[in-house]
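A.B. asks: Have a look at this one.
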Amino acid sequence: MKYEKVLHKNLETPGYTGSLADYERQGGYQAIRKALKEYAPTQLIDLVKRSGLRGRGGAGFPAGTKWDFLPKDPALTRYLCCNADESEPGTFKDRELIERDPHQLIEGMILAAYAIGAKVAYIYIRGEFVYGAQVLERALAEANRAGYLGKKILKSGTDIEIYLHRGAGAYICGEETALLESIEGKRGLPRNKPPFPAIHGLYGKPTVINNVETLSNLPHIVNRGVEWFTSIGSPPKSPGMRIFSVSGHVNRPGNYEVPMGITLRELIHEQAGGVLGNKKIKAIIPGGASAAFLTESSLDVKMDFESIAQVGSMLGSGGVTVMDEDTCMVSAALNLMEFFAHETCGKCSPCREGSSWLVQMMRRIEHGHGRMEDLDQLVRICNNIGGKTVCAFGDAEIAPILSTLKHWRSEYEYHIKEKKCLVGNRGGQLLTIGKH
Amino acid sequence: MNPETKKVEFSEKAQKEIRELLTHYPDKRSALLPVLNLAQAEFGYISEEVMIMVARLLDLTPPKVFEVLTFYTLLNDRPVGKYLIQLCRTLSCALVGSENVLGHLKQRLGIEVGETTRDGLFTLRTVECLASCGTAPVMQINGAFYEKLTREKVDRILDDLKRGDPPVLKPMGEN
Ligand SMILES: Cc1cc2nc3c(=O)[nH]c(=O)nc-3n(C[C@H](O)[C@H](O)[C@H](O)COP(=O)(O)O)c2cc1C
Ligand code: FES
C-alpha cells in the first residue's frame with residue numbers, strides 16, 4: 001500500500017532542499033502563526049494531549065501528559081531539550097529528518113517551547129552527526145533572521161532561543177537524564193529518579209525532553225487538528241504515522257513513514273521490498289537493539305505500541321532489523337551484547353559488571369568453549385541486571401540474550417555440544433557477526 | 001604544571017566562537033563539551049596542555065575536564081592520523097558484511113584496529129552503530145559518512161584521500 005506522507009512529505013518532494021524558502025513554500029511555519037493566535041499555552045498542551053501523540057524516542061510516553069507535569073508557577077525558568085542523540089542500533093530516522101527537513105523540527109520545537117513556557121531550548125545532537133549539525137546551524141540562523149526565533153517571535157510576546165549542543169560519542173547520553181548531565185558539562189551518567197526532569201531537570205529547572213520525530217509531528221497536529229491525527233494510525237492508543245528504519249537482510253533498507261499499526265509483514269515485504277535473495281526470515285528486532293527478538297511467527301503483528309508489547313517485545317525507537325534464515329542467533333546476540341558492554345556508563349554495578357560477564361560467556365559459547373550450565377547462568381546474570389539499575393539501559397541490554405535463548409535455545413546448545421555453528425555458513429563463506 | 005609544557009592558545013576564530021558559546025548557557029561548565037570539540041578541531045587531539053587551558057578558560061579543575069575527556073569516545077587524548085577511519089561493526093552492518101570491509105581495510109592499510117599507518121595518514125577504529133544502518137556497511141572518516149561499502153569502494157575512497165581529496169560531508173544515502 002502507498003500512504004499519504006506527513007513527516008516525510010517535504011523531504012520526498014523532488015527538489016526540496018530543506019531551506020527556509022522551501023519549507024515556507026510547502027506551508028511551513030503556519031503552525032506557529034496559528035498557535036500564537038488561536039491557542040494559549042495551556043490550550044496547546046490540551047490539544048497535544050487530546051491528539052494522543054506518544055513519544056517516538058523509545059518509551060512511548062504521551063507527549064501532552066509529560067508537558068502537563070511541569071509546575072504551573074509562571075515565574076519558574078523551564079527548558080526544552082530535543083533528543084537528537086539517535087544511537088539505538090538499527091535506528092536512523094531522526095538523522096534523515098534533521099538532514100532533510102530541519103525547519104519541520106525547529107517549528108515543532110517552537111510549538112513545544114511555547115506550550116511549556118520555555119524561553120531556551122537545546123538540541124542535543126550526537127557528535128557523529130557532523131553534517132546534520134551544519135544543516136541545523138544553518139536552519140537556526142535562517143529561522144532567527146526570519147523572526148521565528150529570538151526575542152518576541154513573530155512580534156508576539158514570546159521569546160524563544162534554540163541552541164545546538166553537540167555530543168561527543170556516548171550511547172547513554174540518549175537516556176534523558178544522562179543527556180541533561182551531558183549538557184551541564186559532565187559525564188553522561190543517568191540520574192536517580194524521582195525527581196523527574198519535569199520537576200528537576202536541566203540546571204535543576206523543570207524540563208521537557210522530546211525526541212526529534214515526536215517534535216516533528218507537532219506542526220502537523222496544529223495545522224490539521226486532533227480529529228485528523230486520531231483518525232490515522234492505530235487509535236486510540238497509537239495514533240499517527242510512524243517512521244520505521246528497516247535494515248539488515250532486506251532488499252530496500254531505509255526509512256519508511258507509514259501509519260502506526262501496519263503489520264510487520266507489510267513493512268518488510270511491501271515497503272522494504274522483501275528479504276534479500278528471497279530467503280526466509282528467521283528473526284526480527286522490531287524496535288531497536290533494546291527490543292526483544294521476534295520470530296517469523298510474529299510477522300502478522302501490528303506495529304503499534306500495544307500489539308508489539310503483547311508479543312513480548314517493544315516498538316521502542318522504530319528500528320526494525322531483519323535477519324534471514326542463515327543468521328546465527330548466538331552471534332547476533334553476542335554482537336549486541338558487545339555493543340551494550342561497550343556502552344555501559346559504569347554507574348550501576350549490576351550493569352557494569354554483568355555486561356562484561358555476559359560478553360565473556362557469550363564469546364565462550366560462540367567460540368565453542370561453552371558449557372551447558374552457562375545457559376542457566378546467562379539467565380541468572382540477566383535477571384540480576386533487569387530492574388536493578390538507575391536507568392532502562394539494564395533492561396535493554398538483557399533483551400537480546402534472553403529473547404534469543406527463549407526462541408533459539410537449540411542454537412546455543414548446538415554451539416556448546418558441537419563446538420561450531422549450526423547455520424554459520426553463507427554461500428561457503430563463514431558468517432561471523434560477532435566482534436572478536 | 002611542567003615548565004617545559006608548551007603554551008597553547010585558541011585561534012582568534014575559535015575564541016570568538018567560544019565567546020558566543022558561553023552566551024548559550026547559564027553555567028560556564030556547559031560549554032565544556034563544545035569547547036573540547038572545538039579544541040580537537042583546532043589541535044587535532046586534547047593534550048594535557050590543552051586540557052589545562054580549557055579548564056582555566058571555564059573555571060574548572062583539570063580533573064573535571066579529564067573525566068569528561070575520557071568518557072566520550074569521540075574525544076582523543078592522543079594524536080590520531082590525518083584521516084580517522086571509524087568502521088561500524090554493530091548488527092545491521094555486521095549482517096551485510098562489515099567484517100569483510102574490516103579485513104580489507106586492515107590489509108590495504110597494513111595495520112590493525114587502533115593503529116595508525118606509518119605515514120601518519122590513517123588511523124583505523126571500529127565503532128558502534130552510526131545511525132546509518134539503512135546504508136550498511138558504513139564508516140565515517142573525519143565526520144563524513146561512507147555508505148554501502150564494498151572492497152572496490154573502499155579502494156576508491158582510500159585512493160582519493162591519498163591523492164589529497166578531502167572527505168566531503170553529505171546527507172544520508174548520497175555517499
Ligand atoms: C539507554 C537509553 C538510550 C536512549 N537513547 C535515546 C535516543 O538516542 N534518542 C531518543 O530520542 N531517546 C532515547 N532514549 C529515550 C529517552 O530517555 C527519552 O525517553 C526520550 O528522549 C523522550 O522523548 P519522547 O517522549 O519524545 O520519546 C533512550 C533511553 C535509554 C534508557
Ligand atoms: S549498525 Fe552500522 S550504522 Fe547502524
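Following the order of the C-alpha cells, chains are lettered A, B, ..., residues in each are numbered from 1, and ligands are numbered from 1.
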Using only C-alpha atoms, I'd like every residue of chain B that has an atom within 6 Å of chain A; please write them out as a tab-separated table (two decimals) with N, CA and C atoms, in the first residue's frame.

C.D. replies:
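After the write, iface19.tsv holds the following:
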chain	number	residue	atom	x	y	z
B	29	ARG	N	30.22	25.78	32.78
B	29	ARG	CA	30.64	24.39	32.64
B	29	ARG	C	29.96	23.71	31.45
B	30	SER	N	28.74	24.18	31.12
B	30	SER	CA	28.02	23.58	30.00
B	30	SER	C	28.76	23.73	28.68
B	32	LEU	N	31.71	23.04	28.22
B	32	LEU	CA	32.88	22.15	28.20
B	32	LEU	C	32.94	21.24	26.96
B	68	VAL	N	35.57	14.14	31.77
B	68	VAL	CA	34.70	14.27	30.59
B	68	VAL	C	35.44	13.78	29.34
B	72	TYR	N	33.86	10.39	26.76
B	72	TYR	CA	33.28	10.50	25.42
B	72	TYR	C	34.25	9.96	24.36
B	73	THR	N	33.75	9.00	23.57
B	73	THR	CA	34.67	8.28	22.69
B	73	THR	C	35.18	9.10	21.50
B	74	LEU	N	34.49	10.18	21.16
B	74	LEU	CA	34.96	10.96	20.01
B	74	LEU	C	36.09	11.92	20.37
B	92	SER	N	23.40	-4.37	12.25
B	92	SER	CA	22.91	-4.20	10.87
B	92	SER	C	24.06	-4.13	9.88
B	94	ALA	N	27.05	-5.59	10.48
B	94	ALA	CA	27.65	-6.92	10.51
B	94	ALA	C	26.87	-7.88	9.62
B	95	LEU	N	25.55	-7.74	9.58
B	95	LEU	CA	24.71	-8.65	8.80
B	95	LEU	C	25.01	-8.56	7.31
B	129	CYS	N	27.12	1.42	16.28
B	129	CYS	CA	26.12	1.92	15.32
B	129	CYS	C	26.19	3.42	15.08
B	131	ALA	N	24.06	5.11	13.16
B	131	ALA	CA	22.75	5.59	12.67
B	131	ALA	C	22.77	5.74	11.16
B	132	SER	N	23.28	4.73	10.51
B	132	SER	CA	23.29	4.70	9.05
B	132	SER	C	23.04	3.27	8.59
B	133	CYS	N	22.28	2.52	9.39
B	133	CYS	CA	22.11	1.08	9.19
B	133	CYS	C	21.42	0.76	7.87
B	134	GLY	N	20.68	1.73	7.33
B	134	GLY	CA	19.97	1.52	6.07
B	134	GLY	C	20.90	1.59	4.87
B	143	GLY	N	34.30	12.50	10.18
B	143	GLY	CA	32.93	13.01	10.27
B	143	GLY	C	32.08	12.78	9.03
B	169	LEU	N	31.24	16.08	3.50
B	169	LEU	CA	30.04	15.79	4.29
B	169	LEU	C	28.83	15.78	3.37

A.B. asks: Counting only C-alpha atoms and all ligand atoms, what are the residues, protein, DNA or RNA alike, that approach ligand 1 to within 9 Å? I want them as JSON, numbers by chain.

C.D. replies: {"A": [54, 55, 56, 57, 58, 59, 60, 61, 62, 63, 66, 81, 82, 83, 84, 85, 86, 87, 88, 91, 94, 126, 171, 172, 173, 174, 175, 176, 177, 178, 179, 190, 208, 209, 210, 211, 212, 213, 214, 215, 290, 316, 317, 343, 344, 391, 392, 393, 394, 395, 396, 397]}

A.B. asks: Report the residues of segment 37-152 of chain B whose backbone DSSP state falls under alpha helix (DSSP H), written as a PyMOL selection string.

C.D. replies: chain B and resi 37-43+48-57+62-71+91-95+98-109+151-152

A.B. asks: Per residue of chain B within 10 Å of ligand 2, record the nearest atom pair and its distance in Å to one decimal, counting only C-alpha atoms and all ligand atoms, with rows in chain order and ascending residue number, as a Markdown table.

C.D. replies:
| residue | atom | partner | partner_atom_place_in_ligand_line | distance |
| --- | --- | --- | --- | --- |
| B:Leu87 | CA | ligand 2 | 2 (Fe) | 8.1 |
| B:Cys88 | CA | ligand 2 | 2 (Fe) | 4.7 |
| B:Arg89 | CA | ligand 2 | 2 (Fe) | 5.8 |
| B:Thr90 | CA | ligand 2 | 1 (S) | 4.2 |
| B:Leu91 | CA | ligand 2 | 1 (S) | 5.0 |
| B:Ser92 | CA | ligand 2 | 1 (S) | 4.1 |
| B:Cys93 | CA | ligand 2 | 2 (Fe) | 4.2 |
| B:Ala94 | CA | ligand 2 | 1 (S) | 7.1 |
| B:Leu95 | CA | ligand 2 | 1 (S) | 8.7 |
| B:Val96 | CA | ligand 2 | 2 (Fe) | 9.6 |
| B:Ser98 | CA | ligand 2 | 2 (Fe) | 8.2 |
| B:Val127 | CA | ligand 2 | 2 (Fe) | 8.5 |
| B:Glu128 | CA | ligand 2 | 2 (Fe) | 6.7 |
| B:Cys129 | CA | ligand 2 | 4 (Fe) | 3.8 |
| B:Leu130 | CA | ligand 2 | 3 (S) | 4.0 |
| B:Ala131 | CA | ligand 2 | 3 (S) | 4.5 |
| B:Ser132 | CA | ligand 2 | 3 (S) | 3.9 |
| B:Cys133 | CA | ligand 2 | 4 (Fe) | 3.7 |
| B:Gly134 | CA | ligand 2 | 3 (S) | 7.4 |
| B:Thr135 | CA | ligand 2 | 3 (S) | 7.6 |
| B:Ala136 | CA | ligand 2 | 2 (Fe) | 5.9 |
| B:Pro137 | CA | ligand 2 | 2 (Fe) | 6.2 |
| B:Val138 | CA | ligand 2 | 2 (Fe) | 6.0 |
| B:Met139 | CA | ligand 2 | 3 (S) | 8.0 |
| B:Gln140 | CA | ligand 2 | 3 (S) | 9.8 |
| B:Phe145 | CA | ligand 2 | 3 (S) | 9.9 |
| B:Glu147 | CA | ligand 2 | 3 (S) | 9.1 |

A.B. asks: Would you mind exporting the chosen residues as an mmCIF file, in the first residue's frame, restricted to N, CA and C atoms?

C.D. replies:
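Now in out-v4.cif:
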data_model
loop_
_atom_site.group_PDB
_atom_site.id
_atom_site.type_symbol
_atom_site.label_atom_id
_atom_site.label_comp_id
_atom_site.auth_asym_id
_atom_site.auth_seq_id
_atom_site.Cartn_x
_atom_site.Cartn_y
_atom_site.Cartn_z
ATOM 1 N N LEU B 87 34.927 2.460 11.449
ATOM 2 C CA LEU B 87 34.057 1.486 10.790
ATOM 3 C C LEU B 87 33.052 0.927 11.787
ATOM 4 N N CYS B 88 31.769 0.925 11.385
ATOM 5 C CA CYS B 88 30.724 0.387 12.263
ATOM 6 C C CYS B 88 30.709 -1.133 12.192
ATOM 7 N N ARG B 89 30.594 -1.773 13.362
ATOM 8 C CA ARG B 89 30.518 -3.237 13.399
ATOM 9 C C ARG B 89 29.271 -3.729 14.102
ATOM 10 N N THR B 90 28.340 -2.844 14.375
ATOM 11 C CA THR B 90 27.134 -3.287 15.072
ATOM 12 C C THR B 90 26.228 -4.063 14.103
ATOM 13 N N LEU B 91 25.193 -4.668 14.675
ATOM 14 C CA LEU B 91 24.454 -5.739 13.990
ATOM 15 C C LEU B 91 24.076 -5.485 12.535
ATOM 16 N N SER B 92 23.404 -4.372 12.246
ATOM 17 C CA SER B 92 22.910 -4.195 10.874
ATOM 18 C C SER B 92 24.061 -4.128 9.878
ATOM 19 N N CYS B 93 25.176 -3.556 10.279
ATOM 20 C CA CYS B 93 26.347 -3.525 9.409
ATOM 21 C C CYS B 93 26.990 -4.905 9.331
ATOM 22 N N ALA B 94 27.051 -5.586 10.476
ATOM 23 C CA ALA B 94 27.650 -6.921 10.506
ATOM 24 C C ALA B 94 26.874 -7.884 9.615
ATOM 25 N N LEU B 95 25.548 -7.745 9.582
ATOM 26 C CA LEU B 95 24.713 -8.655 8.798
ATOM 27 C C LEU B 95 25.013 -8.559 7.308
ATOM 28 N N VAL B 96 25.454 -7.393 6.869
ATOM 29 C CA VAL B 96 25.711 -7.254 5.431
ATOM 30 C C VAL B 96 27.192 -7.043 5.125
ATOM 31 N N SER B 98 30.237 -6.087 7.311
ATOM 32 C CA SER B 98 31.257 -5.172 7.826
ATOM 33 C C SER B 98 32.576 -5.885 8.121
ATOM 34 N N VAL B 127 33.732 1.120 15.539
ATOM 35 C CA VAL B 127 32.824 1.851 16.416
ATOM 36 C C VAL B 127 31.461 1.172 16.423
ATOM 37 N N GLU B 128 30.590 1.673 17.290
ATOM 38 C CA GLU B 128 29.232 1.141 17.377
ATOM 39 C C GLU B 128 28.305 1.942 16.461
ATOM 40 N N CYS B 129 27.123 1.415 16.279
ATOM 41 C CA CYS B 129 26.118 1.917 15.315
ATOM 42 C C CYS B 129 26.188 3.424 15.083
ATOM 43 N N LEU B 130 26.321 3.779 13.811
ATOM 44 C CA LEU B 130 26.478 5.179 13.413
ATOM 45 C C LEU B 130 25.170 5.795 12.917
ATOM 46 N N ALA B 131 24.060 5.109 13.159
ATOM 47 C CA ALA B 131 22.754 5.595 12.671
ATOM 48 C C ALA B 131 22.769 5.738 11.158
ATOM 49 N N SER B 132 23.282 4.726 10.508
ATOM 50 C CA SER B 132 23.287 4.695 9.050
ATOM 51 C C SER B 132 23.040 3.266 8.592
ATOM 52 N N CYS B 133 22.278 2.516 9.394
ATOM 53 C CA CYS B 133 22.111 1.080 9.187
ATOM 54 C C CYS B 133 21.415 0.765 7.866
ATOM 55 N N GLY B 134 20.676 1.728 7.328
ATOM 56 C CA GLY B 134 19.969 1.517 6.074
ATOM 57 C C GLY B 134 20.896 1.587 4.870
ATOM 58 N N THR B 135 22.102 2.078 5.086
ATOM 59 C CA THR B 135 23.077 2.153 4.001
ATOM 60 C C THR B 135 24.338 1.388 4.398
ATOM 61 N N ALA B 136 24.120 0.293 5.142
ATOM 62 C CA ALA B 136 25.229 -0.508 5.655
ATOM 63 C C ALA B 136 25.899 -1.301 4.522
ATOM 64 N N PRO B 137 27.149 -1.725 4.718
ATOM 65 C CA PRO B 137 28.045 -1.343 5.825
ATOM 66 C C PRO B 137 28.585 0.083 5.649
ATOM 67 N N VAL B 138 28.827 0.734 6.772
ATOM 68 C CA VAL B 138 29.248 2.137 6.712
ATOM 69 C C VAL B 138 30.477 2.408 7.569
ATOM 70 N N MET B 139 31.164 3.496 7.185
ATOM 71 C CA MET B 139 32.223 4.031 8.041
ATOM 72 C C MET B 139 32.153 5.548 7.970
ATOM 73 N N GLN B 140 32.784 6.167 8.935
ATOM 74 C CA GLN B 140 32.941 7.609 8.896
ATOM 75 C C GLN B 140 34.425 7.903 8.817
ATOM 76 N N PHE B 145 30.294 10.469 6.223
ATOM 77 C CA PHE B 145 29.834 9.090 6.076
ATOM 78 C C PHE B 145 30.253 8.514 4.732
ATOM 79 N N GLU B 147 29.059 5.055 2.664
ATOM 80 C CA GLU B 147 27.982 4.083 2.815
ATOM 81 C C GLU B 147 28.090 2.936 1.818
#

A.B. asks: Could you name the residues that touch Thr13 of chain A at 12 Å or less, counting only C-alpha atoms, but leaving out those on the same chain fewer than 2 positions away, as a ChimeraX atom specification?

C.D. replies: /A:5-11,15-18,22-23,25-26,100-101

A.B. asks: Given the selection you just returned, output its residues as a file containing C-alpha atoms, formatted as an mmCIF file, in the first residue's frame.

C.D. replies:
data_model
loop_
_atom_site.group_PDB
_atom_site.id
_atom_site.type_symbol
_atom_site.label_atom_id
_atom_site.label_comp_id
_atom_site.auth_asym_id
_atom_site.auth_seq_id
_atom_site.Cartn_x
_atom_site.Cartn_y
_atom_site.Cartn_z
ATOM 1 C CA LYS A 5 3.252 11.076 3.780
ATOM 2 C CA VAL A 6 3.221 13.539 6.629
ATOM 3 C CA LEU A 7 6.641 13.992 8.245
ATOM 4 C CA HIS A 8 8.273 12.777 5.037
ATOM 5 C CA LYS A 9 6.084 14.830 2.704
ATOM 6 C CA ASN A 10 8.591 17.617 2.143
ATOM 7 C CA LEU A 11 11.714 15.534 2.021
ATOM 8 C CA GLY A 15 13.903 19.255 -5.490
ATOM 9 C CA TYR A 16 13.150 20.006 -1.838
ATOM 10 C CA THR A 17 16.330 21.273 -0.192
ATOM 11 C CA GLY A 18 15.192 21.882 3.369
ATOM 12 C CA ASP A 22 11.432 25.673 0.505
ATOM 13 C CA TYR A 23 9.857 24.933 3.870
ATOM 14 C CA ARG A 25 6.669 27.264 0.141
ATOM 15 C CA GLN A 26 5.371 23.917 1.403
ATOM 16 C CA ARG A 100 16.450 16.849 5.025
ATOM 17 C CA ASP A 101 13.824 18.901 6.828
#

A.B. asks: Tell me which protein, DNA and RNA residues are within 12 Å of Asp73 of chain A, counting only C-alpha atoms, leaving out same-chain ones fewer than 6 positions away, and put them as an MDAnalysis selection string.

C.D. replies: chainID A and resid 116:117 199 205:206

A.B. asks: Could you save the residues just selected, with N, CA and C atoms, as a PDB file, in the first residue's frame?

C.D. replies:
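Writing done, so here's selection-v1.pdb:
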ATOM      1  N   ILE A 116       5.067  24.926  26.814  1.00  0.00           N
ATOM      2  CA  ILE A 116       5.548  24.709  28.189  1.00  0.00           C
ATOM      3  C   ILE A 116       6.160  25.967  28.792  1.00  0.00           C
ATOM      4  N   GLY A 117       6.264  27.031  28.019  1.00  0.00           N
ATOM      5  CA  GLY A 117       6.806  28.282  28.552  1.00  0.00           C
ATOM      6  C   GLY A 117       8.314  28.283  28.685  1.00  0.00           C
ATOM      7  N   ILE A 199      10.160  18.142  37.000  1.00  0.00           N
ATOM      8  CA  ILE A 199      10.261  18.931  38.229  1.00  0.00           C
ATOM      9  C   ILE A 199      11.683  19.461  38.397  1.00  0.00           C
ATOM     10  N   LYS A 205      15.980  22.867  36.857  1.00  0.00           N
ATOM     11  CA  LYS A 205      14.722  23.532  36.492  1.00  0.00           C
ATOM     12  C   LYS A 205      13.788  22.563  35.757  1.00  0.00           C
ATOM     13  N   PRO A 206      12.486  22.835  35.822  1.00  0.00           N
ATOM     14  CA  PRO A 206      11.529  21.982  35.099  1.00  0.00           C
ATOM     15  C   PRO A 206      11.892  21.877  33.618  1.00  0.00           C
TER      16      PRO A 206
END

A.B. asks: Could you check the closest approach to Arg56 of chain B for each of B:Tyr83, B:Thr126, B:Lys28, B:Gly114 and tell me which residue wins, using only C-alpha atoms?

C.D. replies: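 That would be B:Lys28, the residue with the smallest distance to Arg56 of chain B.
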
A.B. asks: List the spatial neighbours of Thr230 of chain A as an mmCIF file with C-alpha atoms, in the first residue's frame - criterion: any atom at most 9 Å away, only C-alpha atoms, same-chain residues fewer than 5 positions off excluded.

C.D. replies:
data_model
loop_
_atom_site.group_PDB
_atom_site.id
_atom_site.type_symbol
_atom_site.label_atom_id
_atom_site.label_comp_id
_atom_site.auth_asym_id
_atom_site.auth_seq_id
_atom_site.Cartn_x
_atom_site.Cartn_y
_atom_site.Cartn_z
ATOM 1 C CA ARG A 50 -6.118 15.077 23.075
ATOM 2 C CA SER A 51 -4.154 14.103 19.974
ATOM 3 C CA GLY A 52 -2.732 11.162 21.893
ATOM 4 C CA LEU A 53 0.742 11.770 20.391
ATOM 5 C CA GLY A 225 -6.189 19.124 14.064
ATOM 6 C CA PRO A 235 -6.088 4.864 17.538
ATOM 7 C CA PRO A 236 -6.997 5.286 20.311
ATOM 8 C CA SER A 238 -1.226 4.568 18.996
ATOM 9 C CA PRO A 239 -2.491 7.288 16.654
ATOM 10 C CA GLY A 240 -0.482 8.919 13.895
#

A.B. asks: Between atom CA of Gly346 of chain A and atom CA of His200 of chain A, what is the distance, to one decimal in Å?

C.D. replies: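 One can read the atom CA of Gly346 of chain A to atom CA of His200 of chain A distance as 23.1 Å.
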
A.B. asks: Considering only C-alpha atoms, return as an NGL selection string whatever protein or nucleic-acid residues lie within 10 Å of segment 404-408 of chain A, sequence-local ones (same chain, fewer than 4 positions apart) excluded.

C.D. replies: :A and (282-283 or 292-295 or 328-330 or 332-333 or 375-376 or 378-379 or 399-400 or 412-413)

A.B. asks: Could you work out how far atom CA of Thr61 of chain B lies from atom CA of Thr77 of chain A, giving the answer in Å with one decimal?

C.D. replies: 28.3 Å

A.B. asks: Enumerate as a PyMOL selection string all residues of segment 175-385 of chain A assigned to strand (DSSP E or B) by DSSP on the backbone, naming them with the chain letters and numbers the document uses.

C.D. replies: chain A and resi 207-211+233-234+238-239+241-248+250+254-259+263+275+281-285+294-295+302+319-324

A.B. asks: Using only C-alpha atoms, which protein or nucleic acid residues come within 12 Å of segment 152-158 of chain B? Drop anything in the same chain fewer than 6 positions from it, and give the result as a ChimeraX atom specification.

C.D. replies: /B:83-85,87,98,100-109,121-122,137-141,144-146,164-168,175

A.B. asks: Write the residues of the preceding selection, restricted to C-alpha atoms, as a PDB file, in the first residue's frame.

C.D. replies:
ATOM      1  CA  TYR B  83      42.215  10.581   8.488  1.00  0.00           C
ATOM      2  CA  LEU B  84      40.411   8.815  11.303  1.00  0.00           C
ATOM      3  CA  ILE B  85      38.518   5.840   9.886  1.00  0.00           C
ATOM      4  CA  LEU B  87      34.057   1.486  10.790  1.00  0.00           C
ATOM      5  CA  SER B  98      31.257  -5.172   7.826  1.00  0.00           C
ATOM      6  CA  ASN B 100      34.780  -8.241   5.101  1.00  0.00           C
ATOM      7  CA  VAL B 101      35.222  -4.492   4.872  1.00  0.00           C
ATOM      8  CA  LEU B 102      37.303  -4.547   8.023  1.00  0.00           C
ATOM      9  CA  GLY B 103      39.522  -7.315   6.695  1.00  0.00           C
ATOM     10  CA  HIS B 104      40.050  -5.365   3.512  1.00  0.00           C
ATOM     11  CA  LEU B 105      40.822  -2.120   5.317  1.00  0.00           C
ATOM     12  CA  LYS B 106      43.375  -3.852   7.522  1.00  0.00           C
ATOM     13  CA  GLN B 107      45.003  -5.433   4.529  1.00  0.00           C
ATOM     14  CA  ARG B 108      45.081  -2.267   2.434  1.00  0.00           C
ATOM     15  CA  LEU B 109      46.414  -0.133   5.270  1.00  0.00           C
ATOM     16  CA  LEU B 121      47.744   9.324   7.216  1.00  0.00           C
ATOM     17  CA  PHE B 122      45.232   6.789   8.539  1.00  0.00           C
ATOM     18  CA  PRO B 137      28.045  -1.343   5.825  1.00  0.00           C
ATOM     19  CA  VAL B 138      29.248   2.137   6.712  1.00  0.00           C
ATOM     20  CA  MET B 139      32.223   4.031   8.041  1.00  0.00           C
ATOM     21  CA  GLN B 140      32.941   7.609   8.896  1.00  0.00           C
ATOM     22  CA  ILE B 141      36.157   9.392   8.019  1.00  0.00           C
ATOM     23  CA  ALA B 144      31.928  12.193   6.686  1.00  0.00           C
ATOM     24  CA  PHE B 145      29.834   9.090   6.076  1.00  0.00           C
ATOM     25  CA  TYR B 146      30.831   6.463   3.503  1.00  0.00           C
ATOM     26  CA  GLY B 164      44.523  14.689  -1.369  1.00  0.00           C
ATOM     27  CA  ASP B 165      40.768  14.931  -1.969  1.00  0.00           C
ATOM     28  CA  PRO B 166      39.333  15.595   1.476  1.00  0.00           C
ATOM     29  CA  PRO B 167      36.249  13.783   2.839  1.00  0.00           C
ATOM     30  CA  VAL B 168      33.002  15.548   1.927  1.00  0.00           C
ATOM     31  CA  ASN B 175      27.795   8.901  -0.223  1.00  0.00           C
TER      32      ASN B 175
END

A.B. asks: Work out how far atom CA of Pro62 of chain B is from atom CA of Asp77 of chain B, in Å to one decimal.

C.D. replies: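 Taking atom CA of Asp77 of chain B as the start and atom CA of Pro62 of chain B as the end point, the length is 13.5 Å.
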